[in-house]
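First up is the structure itself, then whatever we jot down about it.
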Amino acid sequence: MELRDWATQVLSSDNLEDKLFTPDTLTDQNPGPAYLFDEPARTPEMRFRTRTKEEKLPSFNEHHDSEKRAICLHRFCGHELLAVEIMAQALLSFPDAPRTFRMGVANTLKEEQEHVRLYETRLREMGVEFGDLPLYRHFWIHVPYLDTPSHYLSAMSLTFEMANLDFAPMYRDSFARNGDEKSTKLMQRILDDEINHVSFGYHMLKKLNKGSNLWSIYENSLTPFLTLRRARGPSFHPEHRKSAGIPEDWIEKFSNK
């Protein structure tokens with residue numbers, strides 16, 4: 001299946017099965033012209049809603065309640081579906097990008113699809129169907145500002161996914177403290193994959209900007225709605241960034257935010 005056709009299916013179909021379809025073989029013989037979706041197609045129950053102040057994630061001291069943990073997992077599943085759609089958009093937005101970038105994004109997209117499936121399974125075990133709770137636009141508001149592969153890598157790989165190097169272990173440890181072994185293992189799986197995704201983002205940004213001040217490239221590529229603080233969580237985990245190959249000077253900059 002052509003990358004372009006796959007990405008178009010992910011964004012144009014409101015069927016979750018279509019969005020999570022992973023081709024056995026991917027080719028990139030016909031990348032076509034750049035194309036931007038206003039927003040991904042969604043079924044009525046999964047369309048973007050505006051989040052109210054009352055719809056905050058449950059606090060960590062509520063994680064003893066399985067319903068509260070399910071709310072967290074449902075929100076995270078929504079984030080993963082957004083990642084799938086944004087990565088599909090990147091394949092449509094940058095048809096002329098190097099093959100290593102396009103295939104790297106495609107491989108990451110496959111893993112994000114698997115994350116959605118894993119969350120779906122765990123939610124179902126907890127008595128919740130994905131789509132039962134509200135889903136939000138969240139990361140999609142940044143898409144119109146992702147004008148180059150470097151913008152994409154800076155926002156997705158090195159900000160949103162990097163922040164998950166802190167948030168995933170925070171929720172993993174909280175679920176473990178409350179005896180939820182299955183959700184604990186799921187968050188560990190997410191963390192392991194996110195380390196690889198951040199590594200791809202950093203090394204691809206470096207490859208695309210040889211000889212440039214890479215930190216400046218990163219900082220100047222963030223969208224108007226992003227700050228460096230968004231690339232970390234309230235509890236900072238430098239060891240996960242080291243595992244992803246992030247240099248010490250970057251880690252120090254993030255740790256001070």
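FYI, nothing fancy with the structure tokens labels: chains A, B, ... in order, residues from 1 per chain, ligands from 1 as they appear.
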Give one line per residue of range 140-181 of chain A that approaches range 109-121 of chain A to at most 12 Å, naming the two atoms of the closest pair and their distance in Å to one decimal, counting only C-alpha atoms; sort by chain then ascending residue number and deliver it as JSON lines.
```
{"residue": "A:Met156", "atom": "CA", "partner": "A:Leu109", "partner_atom": "CA", "distance": 11.7}
{"residue": "A:Ser157", "atom": "CA", "partner": "A:Leu109", "partner_atom": "CA", "distance": 11.7}
{"residue": "A:Glu161", "atom": "CA", "partner": "A:Glu112", "partner_atom": "CA", "distance": 11.1}
```
For Met204 in chain A, list every protein, DNA or RNA residue within 9 Å, evaluated using only C-alpha atoms, and leave out those in the same chain fewer than 6 positions away; present the list as a list in words.
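Answer for this query is Thr100, Phe101, Gly104, Ser150 and Leu153 of chain A.
The protein and nucleic acid residues lying at most 9 Å from Pro149 in chain A are Ala90, Ser93, Phe94, Ala97, Phe101, Ser154, Leu205 and Leu208 of chain A, with only C-alpha atoms considered and sequence neighbours fewer than 5 positions away removed.
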Write a file of the selected residues as a PDB file, in the first residue's frame, keeping N, CA and C atoms.
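What follows is the written file again.pdb:
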```pdb
ATOM      1  N   ALA A  90       1.532  14.226   8.561  1.00  0.00           N
ATOM      2  CA  ALA A  90       2.927  14.516   8.221  1.00  0.00           C
ATOM      3  C   ALA A  90       3.323  13.831   6.916  1.00  0.00           C
ATOM      4  N   SER A  93       1.803  15.987   4.321  1.00  0.00           N
ATOM      5  CA  SER A  93       2.321  17.359   4.293  1.00  0.00           C
ATOM      6  C   SER A  93       3.706  17.462   3.677  1.00  0.00           C
ATOM      7  N   PHE A  94       4.502  16.391   3.795  1.00  0.00           N
ATOM      8  CA  PHE A  94       5.906  16.461   3.371  1.00  0.00           C
ATOM      9  C   PHE A  94       6.244  15.348   2.384  1.00  0.00           C
ATOM     10  N   ALA A  97      10.021  14.981   1.549  1.00  0.00           N
ATOM     11  CA  ALA A  97      10.985  14.735   2.629  1.00  0.00           C
ATOM     12  C   ALA A  97      11.800  13.486   2.316  1.00  0.00           C
ATOM     13  N   PHE A 101      13.051   9.939   6.681  1.00  0.00           N
ATOM     14  CA  PHE A 101      12.048  10.643   7.480  1.00  0.00           C
ATOM     15  C   PHE A 101      10.680   9.999   7.283  1.00  0.00           C
ATOM     16  N   SER A 154      10.109  18.663  15.959  1.00  0.00           N
ATOM     17  CA  SER A 154      10.267  19.471  17.172  1.00  0.00           C
ATOM     18  C   SER A 154       9.012  19.420  18.027  1.00  0.00           C
ATOM     19  N   LEU A 205      16.174  15.035  13.303  1.00  0.00           N
ATOM     20  CA  LEU A 205      16.346  16.487  13.278  1.00  0.00           C
ATOM     21  C   LEU A 205      17.804  16.839  13.009  1.00  0.00           C
ATOM     22  N   LEU A 208      18.619  16.188   9.325  1.00  0.00           N
ATOM     23  CA  LEU A 208      18.027  17.162   8.407  1.00  0.00           C
ATOM     24  C   LEU A 208      18.678  18.537   8.504  1.00  0.00           C
TER      25      LEU A 208
END
```
Nearest to Val198 in chain A by atom-to-atom distance, counting only C-alpha atoms, from A:Leu82, A:Phe175, A:Val105, A:Ser235
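Among A:Leu82, A:Phe175, A:Val105, A:Ser235, it is A:Val105 that comes nearest to Val198 in chain A.
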Contacts of Leu133 in chain A at 10 Å or less, counting only C-alpha atoms, minus same-chain residues fewer than 6 places along, as a PyMOL selection string?
chain A and resi 45-46+70-71+74-75+78
Could those residues be written to a file, using C-alpha atoms, as a PDB file, in the first residue's frame?
```
ATOM      1  CA  GLU A  45     -19.252  10.015  19.387  1.00  0.00           C
ATOM      2  CA  MET A  46     -15.524  10.487  18.721  1.00  0.00           C
ATOM      3  CA  ALA A  70     -10.193   4.266  33.275  1.00  0.00           C
ATOM      4  CA  ILE A  71     -10.813   7.979  32.684  1.00  0.00           C
ATOM      5  CA  HIS A  74      -9.354   6.806  27.907  1.00  0.00           C
ATOM      6  CA  ARG A  75      -7.749  10.247  27.683  1.00  0.00           C
ATOM      7  CA  GLY A  78      -7.391   9.707  22.665  1.00  0.00           C
TER       8      GLY A  78
END
```
Shell around Phe225 in chain A at 10 Å using only C-alpha atoms, local window under 4 positions removed, as an MDAnalysis selection string:
chainID A and resid 141:142 145 230
The selected residues should be written to file as a compact mmCIF listing (two decimals), in the first residue's frame (atoms: C-alpha atoms).
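After the write, again.txt holds the following:
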```txt
# COMPACT_ATOMS: atom_id res chain seq x y z
CA ILE A 141 -4.37 22.69 16.95
CA HIS A 142 -0.63 22.64 16.23
CA TYR A 145 1.97 25.37 12.07
CA ARG A 230 5.62 21.43 27.49
```
Where does DSSP see strand (DSSP E or B) in range 31-211 of chain A, if you list the residues as a ChimeraX atom specification?
/A:48-49,135-136
Save the residues we just selected, C-alpha atoms, as a compact mmCIF listing (two decimals), in the first residue's frame?
```txt
# COMPACT_ATOMS: atom_id res chain seq x y z
CA PHE A 48 -13.55 16.69 19.02
CA ARG A 49 -15.22 18.40 21.97
CA LEU A 135 -12.27 13.32 23.13
CA TYR A 136 -10.55 16.61 22.50
```
Restricting the calculation to only C-alpha atoms: of A:Pro169, A:Pro134, A:Pro224, A:Gly233, which residue gets closest to Leu186 in chain A?
A:Pro169
Range 40-71 of chain A: which residues are helix (DSSP H, G or I) by DSSP, as a VMD selection string?
chain A and resid 44 to 46 53 to 55 60 to 62 66 to 71
With N, CA and C atoms retained, export the selected residues as a PDB file, in the first residue's frame.
```pdb
ATOM      1  N   PRO A  44     -19.616  10.560  15.131  1.00  0.00           N
ATOM      2  CA  PRO A  44     -20.182  11.568  16.044  1.00  0.00           C
ATOM      3  C   PRO A  44     -19.705  11.424  17.484  1.00  0.00           C
ATOM      4  N   GLU A  45     -19.636  10.191  17.978  1.00  0.00           N
ATOM      5  CA  GLU A  45     -19.252  10.015  19.387  1.00  0.00           C
ATOM      6  C   GLU A  45     -17.762  10.251  19.628  1.00  0.00           C
ATOM      7  N   MET A  46     -16.960  10.298  18.556  1.00  0.00           N
ATOM      8  CA  MET A  46     -15.524  10.487  18.721  1.00  0.00           C
ATOM      9  C   MET A  46     -15.043  11.836  18.189  1.00  0.00           C
ATOM     10  N   LYS A  53     -13.624  23.001  32.356  1.00  0.00           N
ATOM     11  CA  LYS A  53     -12.768  22.978  33.536  1.00  0.00           C
ATOM     12  C   LYS A  53     -13.056  21.764  34.417  1.00  0.00           C
ATOM     13  N   GLU A  54     -14.282  21.270  34.336  1.00  0.00           N
ATOM     14  CA  GLU A  54     -14.673  20.133  35.165  1.00  0.00           C
ATOM     15  C   GLU A  54     -14.145  18.807  34.618  1.00  0.00           C
ATOM     16  N   GLU A  55     -13.634  18.825  33.379  1.00  0.00           N
ATOM     17  CA  GLU A  55     -13.204  17.577  32.746  1.00  0.00           C
ATOM     18  C   GLU A  55     -11.696  17.370  32.845  1.00  0.00           C
ATOM     19  N   PHE A  60      -3.873  11.994  41.160  1.00  0.00           N
ATOM     20  CA  PHE A  60      -3.205  10.738  41.501  1.00  0.00           C
ATOM     21  C   PHE A  60      -3.793  10.109  42.761  1.00  0.00           C
ATOM     22  N   ASN A  61      -4.261  10.925  43.680  1.00  0.00           N
ATOM     23  CA  ASN A  61      -4.822  10.346  44.910  1.00  0.00           C
ATOM     24  C   ASN A  61      -6.206   9.745  44.699  1.00  0.00           C
ATOM     25  N   GLU A  62      -6.716   9.803  43.451  1.00  0.00           N
ATOM     26  CA  GLU A  62      -7.985   9.147  43.116  1.00  0.00           C
ATOM     27  C   GLU A  62      -7.774   7.825  42.379  1.00  0.00           C
ATOM     28  N   SER A  66     -11.024   2.408  40.241  1.00  0.00           N
ATOM     29  CA  SER A  66     -10.796   1.910  38.878  1.00  0.00           C
ATOM     30  C   SER A  66     -11.480   2.780  37.828  1.00  0.00           C
ATOM     31  N   GLU A  67     -12.621   3.386  38.173  1.00  0.00           N
ATOM     32  CA  GLU A  67     -13.295   4.265  37.218  1.00  0.00           C
ATOM     33  C   GLU A  67     -12.434   5.494  36.913  1.00  0.00           C
ATOM     34  N   LYS A  68     -11.734   6.001  37.913  1.00  0.00           N
ATOM     35  CA  LYS A  68     -10.856   7.155  37.706  1.00  0.00           C
ATOM     36  C   LYS A  68      -9.648   6.762  36.856  1.00  0.00           C
ATOM     37  N   ARG A  69      -9.123   5.566  37.099  1.00  0.00           N
ATOM     38  CA  ARG A  69      -8.001   5.102  36.273  1.00  0.00           C
ATOM     39  C   ARG A  69      -8.449   4.937  34.824  1.00  0.00           C
ATOM     40  N   ALA A  70      -9.673   4.444  34.634  1.00  0.00           N
ATOM     41  CA  ALA A  70     -10.193   4.266  33.275  1.00  0.00           C
ATOM     42  C   ALA A  70     -10.336   5.607  32.559  1.00  0.00           C
ATOM     43  N   ILE A  71     -10.717   6.641  33.286  1.00  0.00           N
ATOM     44  CA  ILE A  71     -10.813   7.979  32.684  1.00  0.00           C
ATOM     45  C   ILE A  71      -9.438   8.403  32.172  1.00  0.00           C
TER      46      ILE A  71
END
```
Given only C-alpha atoms as the basis, pick out the residue of A:Thr148, A:Thr22, A:Ile190, A:Ala163 nearest to Cys77 in chain A.
A:Ile190
